[in-house]
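S.K.: The structure that follows is given in the form of structure tokens.
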Amino acid sequence: MSAPETVDRVLLTASVVVLVIAGAALLTRIWRGPSMLDRAISLDVCAALIIAGLGAKSAVARDPFYFPIMLVLAFLGFTGSVGIARFIAVRDRPGKAVRDRPRTEEKPE
């Protein structure tokens, strides 16, 4: 093996190790996340980690087969995170509690 191939293998191995560590940290955040927003962000990061993992596999195999799959996963991750963000924004709107409270009739004096 030549020097560039050795460097290539070391970098790819290091990237896979970093992805596995990030995946473990991600699973703990999903499990222990104190809020729904933390879990939603973690699921978005999960999609990014899957895309990065597919990119590493594609680099190891030197095969561009996974590029369209990565593109579709990126689109699904983006639309999913936008949908969750809109849901949380509507749910946590500050004026909602005031608007939903029943009005009391004020009697003129």
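Naming scheme: A, B, ... for chains in displayed order of the structure tokens; residues 1 onward per chain; ligands 1 onward as shown.
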Which neighbours of range 59-61 of chain A fall inside 9 Å, counting only C-alpha atoms, when residues of the same chain fewer than 4 positions from it are skipped, and could you give them as a list of chain:residue names?
M.R.: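 In the requested format, the answer is A:Asp8, A:Arg9, A:Leu12, A:Leu54, A:Gly55.
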S.K.: Can you pull out the residues contacting Ala56 in chain A? Cut-off 12 Å, using only C-alpha atoms, and skip same-chain residues under 5 positions away; I want them as an mmCIF file with N, CA, C and O atoms, in the first residue's frame.
M.R.:
```cif
data_model
loop_
_atom_site.group_PDB
_atom_site.id
_atom_site.type_symbol
_atom_site.label_atom_id
_atom_site.label_comp_id
_atom_site.auth_asym_id
_atom_site.auth_seq_id
_atom_site.Cartn_x
_atom_site.Cartn_y
_atom_site.Cartn_z
ATOM 1 N N ASP A 8 -5.443 7.597 3.445
ATOM 2 C CA ASP A 8 -6.862 7.501 3.113
ATOM 3 C C ASP A 8 -7.574 6.526 4.043
ATOM 4 O O ASP A 8 -8.639 6.827 4.579
ATOM 5 N N ARG A 9 -7.002 5.375 4.259
ATOM 6 C CA ARG A 9 -7.601 4.368 5.140
ATOM 7 C C ARG A 9 -7.659 4.855 6.596
ATOM 8 O O ARG A 9 -8.648 4.624 7.285
ATOM 9 N N LEU A 11 -7.790 7.966 7.677
ATOM 10 C CA LEU A 11 -8.805 9.017 7.788
ATOM 11 C C LEU A 11 -10.220 8.451 7.720
ATOM 12 O O LEU A 11 -11.109 8.893 8.457
ATOM 13 N N LEU A 12 -10.445 7.477 6.853
ATOM 14 C CA LEU A 12 -11.774 6.866 6.771
ATOM 15 C C LEU A 12 -12.113 6.094 8.046
ATOM 16 O O LEU A 12 -13.238 6.150 8.534
ATOM 17 N N THR A 13 -11.120 5.397 8.596
ATOM 18 C CA THR A 13 -11.350 4.684 9.846
ATOM 19 C C THR A 13 -11.638 5.659 10.978
ATOM 20 O O THR A 13 -12.549 5.432 11.793
ATOM 21 N N ALA A 14 -10.909 6.743 11.039
ATOM 22 C CA ALA A 14 -11.143 7.756 12.069
ATOM 23 C C ALA A 14 -12.531 8.381 11.918
ATOM 24 O O ALA A 14 -13.224 8.629 12.921
ATOM 25 N N SER A 15 -12.962 8.615 10.683
ATOM 26 C CA SER A 15 -14.285 9.214 10.480
ATOM 27 C C SER A 15 -15.386 8.247 10.906
ATOM 28 O O SER A 15 -16.392 8.674 11.487
ATOM 29 N N VAL A 16 -15.205 6.958 10.659
ATOM 30 C CA VAL A 16 -16.212 5.981 11.089
ATOM 31 C C VAL A 16 -16.255 5.903 12.612
ATOM 32 O O VAL A 16 -17.344 5.821 13.204
ATOM 33 N N VAL A 17 -15.114 5.964 13.262
ATOM 34 C CA VAL A 17 -15.081 5.947 14.727
ATOM 35 C C VAL A 17 -15.786 7.181 15.285
ATOM 36 O O VAL A 17 -16.577 7.086 16.245
ATOM 37 N N VAL A 18 -15.541 8.337 14.692
ATOM 38 C CA VAL A 18 -16.204 9.565 15.146
ATOM 39 C C VAL A 18 -17.715 9.473 14.922
ATOM 40 O O VAL A 18 -18.507 9.903 15.778
ATOM 41 N N LEU A 19 -18.135 8.880 13.823
ATOM 42 C CA LEU A 19 -19.565 8.717 13.560
ATOM 43 C C LEU A 19 -20.210 7.783 14.579
ATOM 44 O O LEU A 19 -21.336 8.027 15.021
ATOM 45 N N VAL A 20 -19.534 6.731 14.965
ATOM 46 C CA VAL A 20 -20.079 5.805 15.962
ATOM 47 C C VAL A 20 -20.190 6.491 17.324
ATOM 48 O O VAL A 20 -21.206 6.351 18.022
ATOM 49 N N LEU A 49 -26.218 11.970 10.485
ATOM 50 C CA LEU A 49 -25.237 10.914 10.747
ATOM 51 C C LEU A 49 -25.392 9.745 9.782
ATOM 52 O O LEU A 49 -24.401 9.147 9.346
ATOM 53 N N ILE A 50 -26.615 9.409 9.443
ATOM 54 C CA ILE A 50 -26.835 8.340 8.466
ATOM 55 C C ILE A 50 -26.273 8.746 7.111
ATOM 56 O O ILE A 50 -25.632 7.941 6.421
ATOM 57 N N ILE A 51 -26.482 9.991 6.733
ATOM 58 C CA ILE A 51 -25.941 10.490 5.462
ATOM 59 C C ILE A 51 -24.414 10.453 5.496
ATOM 60 O O ILE A 51 -23.771 10.036 4.520
ATOM 61 N N ALA A 61 -15.819 2.151 -0.507
ATOM 62 C CA ALA A 61 -16.063 1.286 -1.663
ATOM 63 C C ALA A 61 -15.712 1.970 -2.981
ATOM 64 O O ALA A 61 -15.694 1.302 -4.020
ATOM 65 N N ARG A 62 -15.497 3.269 -2.922
ATOM 66 C CA ARG A 62 -15.262 4.054 -4.139
ATOM 67 C C ARG A 62 -16.378 3.823 -5.167
ATOM 68 O O ARG A 62 -16.126 3.589 -6.344
ATOM 69 N N ASP A 63 -17.608 3.914 -4.634
ATOM 70 C CA ASP A 63 -18.793 3.639 -5.443
ATOM 71 C C ASP A 63 -19.793 4.777 -5.247
ATOM 72 O O ASP A 63 -20.203 5.055 -4.116
ATOM 73 N N PRO A 64 -20.223 5.447 -6.314
ATOM 74 C CA PRO A 64 -21.173 6.557 -6.167
ATOM 75 C C PRO A 64 -22.636 6.109 -6.062
ATOM 76 O O PRO A 64 -23.542 6.928 -6.168
ATOM 77 N N TYR A 66 -24.498 5.354 -3.578
ATOM 78 C CA TYR A 66 -25.260 5.869 -2.450
ATOM 79 C C TYR A 66 -25.561 7.361 -2.532
ATOM 80 O O TYR A 66 -26.277 7.881 -1.679
ATOM 81 N N PHE A 67 -25.045 8.064 -3.513
ATOM 82 C CA PHE A 67 -25.271 9.507 -3.591
ATOM 83 C C PHE A 67 -26.747 9.884 -3.749
ATOM 84 O O PHE A 67 -27.230 10.789 -3.056
ATOM 85 N N MET A 70 -28.395 9.394 -0.419
ATOM 86 C CA MET A 70 -28.017 10.465 0.506
ATOM 87 C C MET A 70 -28.821 11.730 0.225
ATOM 88 O O MET A 70 -29.236 12.433 1.151
#
```
S.K.: Using only C-alpha atoms, which of the listed residues (A:Ala24, A:Val7, A:Ala89, A:Ala48) sits closest to Leu73 in chain A?
M.R.: A:Ala48
S.K.: Give me the residues within 7 Å of Asp44 in chain A as a list in words, counting only C-alpha atoms and dropping any in the same chain fewer than 4 places off.
M.R.: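 Residues meeting the cut-off are Ala40, Ala48, Gly77 and Ser81 of chain A.
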S.K.: Only N, CA and C atoms, please: the residues just picked out, written as an mmCIF file, in the first residue's frame.
M.R.:
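Everything below was put into again39.cif:
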```
data_model
loop_
_atom_site.group_PDB
_atom_site.id
_atom_site.type_symbol
_atom_site.label_atom_id
_atom_site.label_comp_id
_atom_site.auth_asym_id
_atom_site.auth_seq_id
_atom_site.Cartn_x
_atom_site.Cartn_y
_atom_site.Cartn_z
ATOM 1 N N ALA A 40 -36.362 16.347 18.839
ATOM 2 C CA ALA A 40 -36.543 16.658 17.415
ATOM 3 C C ALA A 40 -35.210 17.005 16.761
ATOM 4 N N ALA A 48 -28.532 13.265 9.593
ATOM 5 C CA ALA A 48 -27.221 13.729 9.118
ATOM 6 C C ALA A 48 -26.140 12.676 9.357
ATOM 7 N N GLY A 77 -34.892 14.534 5.814
ATOM 8 C CA GLY A 77 -34.479 15.101 7.093
ATOM 9 C C GLY A 77 -34.835 16.566 7.202
ATOM 10 N N SER A 81 -37.616 18.020 9.843
ATOM 11 C CA SER A 81 -37.256 18.995 10.880
ATOM 12 C C SER A 81 -38.066 20.280 10.734
#
```
S.K.: Using the chain letters and numbers from this document, which residues of chain A does DSSP assign to alpha helix (DSSP H), as a compact mmCIF listing (two decimals) with N, CA, C and O atoms, in the first residue's frame?
M.R.:
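Done, and the output landed in out24.txt:
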```txt
# COMPACT_ATOMS: atom_id res chain seq x y z
N ALA A 3 1.66 5.42 0.44
CA ALA A 3 1.43 6.37 1.53
C ALA A 3 0.07 7.07 1.40
O ALA A 3 -0.65 7.19 2.41
N PRO A 4 -0.33 7.53 0.21
CA PRO A 4 -1.67 8.16 0.13
C PRO A 4 -2.80 7.19 0.45
O PRO A 4 -3.80 7.58 1.07
N GLU A 5 -2.66 5.92 0.07
CA GLU A 5 -3.70 4.95 0.40
C GLU A 5 -3.76 4.69 1.89
O GLU A 5 -4.84 4.51 2.46
N THR A 6 -2.61 4.68 2.54
CA THR A 6 -2.56 4.49 3.99
C THR A 6 -3.22 5.66 4.71
O THR A 6 -4.02 5.46 5.64
N VAL A 7 -2.91 6.86 4.27
CA VAL A 7 -3.54 8.05 4.87
C VAL A 7 -5.04 8.02 4.63
O VAL A 7 -5.84 8.35 5.54
N ASP A 8 -5.44 7.60 3.45
CA ASP A 8 -6.86 7.50 3.11
C ASP A 8 -7.57 6.53 4.04
O ASP A 8 -8.64 6.83 4.58
N ARG A 9 -7.00 5.37 4.26
CA ARG A 9 -7.60 4.37 5.14
C ARG A 9 -7.66 4.85 6.60
O ARG A 9 -8.65 4.62 7.28
N VAL A 10 -6.62 5.50 7.05
CA VAL A 10 -6.60 6.00 8.43
C VAL A 10 -7.67 7.06 8.62
O VAL A 10 -8.40 7.05 9.62
N LEU A 11 -7.79 7.97 7.68
CA LEU A 11 -8.81 9.02 7.79
C LEU A 11 -10.22 8.45 7.72
O LEU A 11 -11.11 8.89 8.46
N LEU A 12 -10.45 7.48 6.85
CA LEU A 12 -11.77 6.87 6.77
C LEU A 12 -12.11 6.09 8.05
O LEU A 12 -13.24 6.15 8.53
N THR A 13 -11.12 5.40 8.60
CA THR A 13 -11.35 4.68 9.85
C THR A 13 -11.64 5.66 10.98
O THR A 13 -12.55 5.43 11.79
N ALA A 14 -10.91 6.74 11.04
CA ALA A 14 -11.14 7.76 12.07
C ALA A 14 -12.53 8.38 11.92
O ALA A 14 -13.22 8.63 12.92
N SER A 15 -12.96 8.62 10.68
CA SER A 15 -14.29 9.21 10.48
C SER A 15 -15.39 8.25 10.91
O SER A 15 -16.39 8.67 11.49
N VAL A 16 -15.20 6.96 10.66
CA VAL A 16 -16.21 5.98 11.09
C VAL A 16 -16.26 5.90 12.61
O VAL A 16 -17.34 5.82 13.20
N VAL A 17 -15.11 5.96 13.26
CA VAL A 17 -15.08 5.95 14.73
C VAL A 17 -15.79 7.18 15.29
O VAL A 17 -16.58 7.09 16.25
N VAL A 18 -15.54 8.34 14.69
CA VAL A 18 -16.20 9.56 15.15
C VAL A 18 -17.71 9.47 14.92
O VAL A 18 -18.51 9.90 15.78
N LEU A 19 -18.13 8.88 13.82
CA LEU A 19 -19.56 8.72 13.56
C LEU A 19 -20.21 7.78 14.58
O LEU A 19 -21.34 8.03 15.02
N VAL A 20 -19.53 6.73 14.96
CA VAL A 20 -20.08 5.81 15.96
C VAL A 20 -20.19 6.49 17.32
O VAL A 20 -21.21 6.35 18.02
N ILE A 21 -19.18 7.26 17.70
CA ILE A 21 -19.23 7.99 18.98
C ILE A 21 -20.35 9.03 18.94
O ILE A 21 -21.10 9.18 19.91
N ALA A 22 -20.49 9.72 17.83
CA ALA A 22 -21.58 10.70 17.70
C ALA A 22 -22.94 10.02 17.75
O ALA A 22 -23.89 10.56 18.32
N GLY A 23 -23.05 8.84 17.16
CA GLY A 23 -24.30 8.09 17.22
C GLY A 23 -24.66 7.68 18.64
O GLY A 23 -25.82 7.74 19.05
N ALA A 24 -23.65 7.28 19.41
CA ALA A 24 -23.91 6.92 20.81
C ALA A 24 -24.35 8.14 21.61
O ALA A 24 -25.30 8.07 22.41
N ALA A 25 -23.70 9.28 21.40
CA ALA A 25 -24.10 10.50 22.08
C ALA A 25 -25.50 10.94 21.65
O ALA A 25 -26.29 11.44 22.46
N LEU A 26 -25.80 10.72 20.40
CA LEU A 26 -27.12 11.08 19.87
C LEU A 26 -28.21 10.23 20.51
O LEU A 26 -29.26 10.74 20.88
N LEU A 27 -27.97 8.95 20.67
CA LEU A 27 -28.96 8.08 21.28
C LEU A 27 -29.20 8.45 22.75
O LEU A 27 -30.34 8.39 23.22
N THR A 28 -28.15 8.86 23.44
CA THR A 28 -28.36 9.29 24.82
C THR A 28 -29.17 10.59 24.87
O THR A 28 -29.99 10.78 25.77
N ARG A 29 -28.97 11.47 23.90
CA ARG A 29 -29.75 12.72 23.88
C ARG A 29 -31.21 12.44 23.55
O ARG A 29 -32.11 13.06 24.10
N ILE A 30 -31.46 11.50 22.65
CA ILE A 30 -32.84 11.14 22.34
C ILE A 30 -33.50 10.51 23.56
O ILE A 30 -34.65 10.81 23.88
N TRP A 31 -32.77 9.65 24.26
CA TRP A 31 -33.33 8.96 25.42
C TRP A 31 -33.55 9.90 26.59
O TRP A 31 -34.59 9.85 27.24
N ARG A 32 -32.61 10.78 26.88
CA ARG A 32 -32.66 11.62 28.06
C ARG A 32 -33.11 13.05 27.78
O ARG A 32 -33.20 13.84 28.71
N MET A 36 -39.16 18.18 24.08
CA MET A 36 -39.50 17.64 22.75
C MET A 36 -38.59 18.23 21.69
O MET A 36 -38.23 17.56 20.72
N LEU A 37 -38.18 19.47 21.87
CA LEU A 37 -37.31 20.12 20.89
C LEU A 37 -35.93 19.45 20.86
O LEU A 37 -35.36 19.28 19.77
N ASP A 38 -35.41 19.03 22.01
CA ASP A 38 -34.14 18.31 22.04
C ASP A 38 -34.24 17.01 21.26
O ASP A 38 -33.33 16.64 20.52
N ARG A 39 -35.33 16.31 21.43
CA ARG A 39 -35.52 15.05 20.71
C ARG A 39 -35.68 15.29 19.21
O ARG A 39 -35.18 14.51 18.39
N ALA A 40 -36.36 16.35 18.84
CA ALA A 40 -36.54 16.66 17.41
C ALA A 40 -35.21 17.00 16.76
O ALA A 40 -34.92 16.55 15.65
N ILE A 41 -34.40 17.78 17.43
CA ILE A 41 -33.08 18.13 16.90
C ILE A 41 -32.21 16.88 16.81
O ILE A 41 -31.47 16.70 15.84
N SER A 42 -32.33 16.00 17.79
CA SER A 42 -31.56 14.76 17.76
C SER A 42 -31.95 13.88 16.58
O SER A 42 -31.10 13.24 15.96
N LEU A 43 -33.22 13.84 16.25
CA LEU A 43 -33.64 13.05 15.09
C LEU A 43 -33.12 13.66 13.79
O LEU A 43 -32.79 12.94 12.84
N ASP A 44 -33.04 14.97 13.74
CA ASP A 44 -32.47 15.63 12.57
C ASP A 44 -30.98 15.32 12.45
O ASP A 44 -30.46 15.05 11.36
N VAL A 45 -30.29 15.33 13.57
CA VAL A 45 -28.86 14.99 13.57
C VAL A 45 -28.68 13.51 13.21
O VAL A 45 -27.69 13.13 12.57
N CYS A 46 -29.63 12.67 13.60
CA CYS A 46 -29.58 11.25 13.24
C CYS A 46 -29.60 11.08 11.72
O CYS A 46 -28.86 10.26 11.17
N ALA A 47 -30.45 11.85 11.05
CA ALA A 47 -30.47 11.80 9.59
C ALA A 47 -29.13 12.24 9.01
O ALA A 47 -28.62 11.63 8.06
N ALA A 48 -28.53 13.26 9.59
CA ALA A 48 -27.22 13.73 9.12
C ALA A 48 -26.14 12.68 9.36
O ALA A 48 -25.25 12.49 8.51
N LEU A 49 -26.22 11.97 10.49
CA LEU A 49 -25.24 10.91 10.75
C LEU A 49 -25.39 9.74 9.78
O LEU A 49 -24.40 9.15 9.35
N ILE A 50 -26.61 9.41 9.44
CA ILE A 50 -26.84 8.34 8.47
C ILE A 50 -26.27 8.75 7.11
O ILE A 50 -25.63 7.94 6.42
N ILE A 51 -26.48 9.99 6.73
CA ILE A 51 -25.94 10.49 5.46
C ILE A 51 -24.41 10.45 5.50
O ILE A 51 -23.77 10.04 4.52
N ALA A 52 -23.83 10.87 6.61
CA ALA A 52 -22.36 10.83 6.72
C ALA A 52 -21.84 9.40 6.69
O ALA A 52 -20.79 9.12 6.09
N GLY A 53 -22.55 8.49 7.32
CA GLY A 53 -22.16 7.09 7.29
C GLY A 53 -22.22 6.51 5.89
O GLY A 53 -21.33 5.75 5.47
N LEU A 54 -23.27 6.86 5.16
CA LEU A 54 -23.36 6.41 3.76
C LEU A 54 -22.25 7.02 2.92
O LEU A 54 -21.72 6.37 2.01
N GLY A 55 -21.91 8.26 3.21
CA GLY A 55 -20.80 8.89 2.49
C GLY A 55 -19.48 8.20 2.78
O GLY A 55 -18.66 8.00 1.87
N ALA A 56 -19.26 7.80 4.03
CA ALA A 56 -18.04 7.07 4.38
C ALA A 56 -18.01 5.71 3.70
O ALA A 56 -16.98 5.28 3.18
N LYS A 57 -19.16 5.03 3.67
CA LYS A 57 -19.22 3.74 2.99
C LYS A 57 -18.97 3.89 1.50
O LYS A 57 -18.27 3.08 0.89
N SER A 58 -19.50 4.93 0.93
CA SER A 58 -19.28 5.20 -0.48
C SER A 58 -17.82 5.52 -0.76
O SER A 58 -17.27 5.12 -1.79
N ALA A 59 -17.17 6.20 0.17
CA ALA A 59 -15.75 6.52 -0.02
C ALA A 59 -14.88 5.27 0.12
O ALA A 59 -13.90 5.11 -0.62
N VAL A 60 -15.24 4.40 1.06
CA VAL A 60 -14.47 3.16 1.23
C VAL A 60 -14.60 2.28 0.00
O VAL A 60 -13.61 1.73 -0.50
N ALA A 61 -15.82 2.15 -0.51
CA ALA A 61 -16.06 1.29 -1.66
C ALA A 61 -15.71 1.97 -2.98
O ALA A 61 -15.69 1.30 -4.02
N PHE A 67 -25.05 8.06 -3.51
CA PHE A 67 -25.27 9.51 -3.59
C PHE A 67 -26.75 9.88 -3.75
O PHE A 67 -27.23 10.79 -3.06
N PRO A 68 -27.52 9.24 -4.63
CA PRO A 68 -28.95 9.59 -4.69
C PRO A 68 -29.69 9.26 -3.40
O PRO A 68 -30.59 10.00 -2.99
N ILE A 69 -29.30 8.19 -2.73
CA ILE A 69 -29.92 7.84 -1.46
C ILE A 69 -29.62 8.91 -0.42
O ILE A 69 -30.50 9.31 0.36
N MET A 70 -28.39 9.39 -0.42
CA MET A 70 -28.02 10.46 0.51
C MET A 70 -28.82 11.73 0.23
O MET A 70 -29.24 12.43 1.15
N LEU A 71 -29.05 12.03 -1.03
CA LEU A 71 -29.82 13.21 -1.40
C LEU A 71 -31.27 13.10 -0.92
O LEU A 71 -31.82 14.06 -0.36
N VAL A 72 -31.87 11.94 -1.10
CA VAL A 72 -33.25 11.74 -0.64
C VAL A 72 -33.33 11.82 0.88
O VAL A 72 -34.26 12.43 1.43
N LEU A 73 -32.36 11.22 1.57
CA LEU A 73 -32.36 11.30 3.03
C LEU A 73 -32.18 12.74 3.52
O LEU A 73 -32.78 13.14 4.52
N ALA A 74 -31.37 13.52 2.82
CA ALA A 74 -31.19 14.92 3.20
C ALA A 74 -32.51 15.68 3.03
O ALA A 74 -32.88 16.50 3.89
N PHE A 75 -33.21 15.41 1.96
CA PHE A 75 -34.50 16.08 1.72
C PHE A 75 -35.51 15.67 2.79
O PHE A 75 -36.23 16.52 3.34
N LEU A 76 -35.58 14.37 3.10
CA LEU A 76 -36.52 13.92 4.12
C LEU A 76 -36.17 14.47 5.50
O LEU A 76 -37.06 14.83 6.27
N GLY A 77 -34.89 14.53 5.81
CA GLY A 77 -34.48 15.10 7.09
C GLY A 77 -34.84 16.57 7.20
O GLY A 77 -35.29 17.04 8.24
N PHE A 78 -34.64 17.30 6.11
CA PHE A 78 -34.98 18.73 6.11
C PHE A 78 -36.48 18.94 6.28
O PHE A 78 -36.91 19.73 7.12
N THR A 79 -37.28 18.24 5.50
CA THR A 79 -38.73 18.44 5.59
C THR A 79 -39.26 17.96 6.94
O THR A 79 -40.17 18.57 7.49
N GLY A 80 -38.68 16.91 7.48
CA GLY A 80 -39.11 16.44 8.80
C GLY A 80 -38.80 17.44 9.89
O GLY A 80 -39.62 17.71 10.76
N SER A 81 -37.62 18.02 9.84
CA SER A 81 -37.26 18.99 10.88
C SER A 81 -38.07 20.28 10.73
O SER A 81 -38.43 20.90 11.74
N VAL A 82 -38.37 20.69 9.53
CA VAL A 82 -39.23 21.87 9.34
C VAL A 82 -40.63 21.60 9.85
O VAL A 82 -41.23 22.44 10.52
N GLY A 83 -41.15 20.41 9.58
CA GLY A 83 -42.48 20.05 10.07
C GLY A 83 -42.55 20.02 11.59
O GLY A 83 -43.49 20.52 12.20
N ILE A 84 -41.54 19.44 12.21
CA ILE A 84 -41.51 19.39 13.67
C ILE A 84 -41.36 20.79 14.26
O ILE A 84 -42.01 21.13 15.25
N ALA A 85 -40.53 21.61 13.63
CA ALA A 85 -40.35 22.98 14.12
C ALA A 85 -41.65 23.78 14.01
O ALA A 85 -41.99 24.55 14.92
N ARG A 86 -42.39 23.60 12.94
CA ARG A 86 -43.68 24.30 12.81
C ARG A 86 -44.68 23.82 13.84
O ARG A 86 -45.43 24.61 14.42
N PHE A 87 -44.68 22.52 14.10
CA PHE A 87 -45.58 21.97 15.11
C PHE A 87 -45.25 22.53 16.49
O PHE A 87 -46.14 22.93 17.24
N ILE A 88 -43.97 22.56 16.83
CA ILE A 88 -43.56 23.06 18.14
C ILE A 88 -43.82 24.57 18.24
O ILE A 88 -44.23 25.06 19.28
N ALA A 89 -43.62 25.30 17.14
CA ALA A 89 -43.86 26.74 17.16
C ALA A 89 -45.33 27.05 17.39
O ALA A 89 -45.67 27.98 18.12
N VAL A 90 -46.22 26.28 16.77
CA VAL A 90 -47.65 26.51 16.97
C VAL A 90 -48.06 26.10 18.37
O VAL A 90 -48.85 26.77 19.03
N ARG A 91 -47.49 25.01 18.85
CA ARG A 91 -47.84 24.52 20.18
C ARG A 91 -47.37 25.46 21.29
O ARG A 91 -48.06 25.65 22.28
N LYS A 96 -51.25 31.94 22.77
CA LYS A 96 -52.26 30.90 22.66
C LYS A 96 -53.04 30.74 23.95
O LYS A 96 -54.25 30.60 23.95
N ALA A 97 -52.37 30.78 25.09
CA ALA A 97 -53.05 30.58 26.37
C ALA A 97 -54.03 31.71 26.65
O ALA A 97 -55.11 31.48 27.18
N VAL A 98 -53.69 32.91 26.27
CA VAL A 98 -54.57 34.05 26.50
C VAL A 98 -55.77 33.97 25.57
O VAL A 98 -56.90 34.22 25.97
N ARG A 99 -55.58 33.57 24.35
CA ARG A 99 -56.65 33.52 23.37
C ARG A 99 -57.64 32.40 23.69
O ARG A 99 -58.84 32.53 23.45
N ASP A 100 -57.18 31.28 24.24
CA ASP A 100 -58.05 30.14 24.50
C ASP A 100 -58.81 30.25 25.82
O ASP A 100 -59.72 29.48 26.07
```
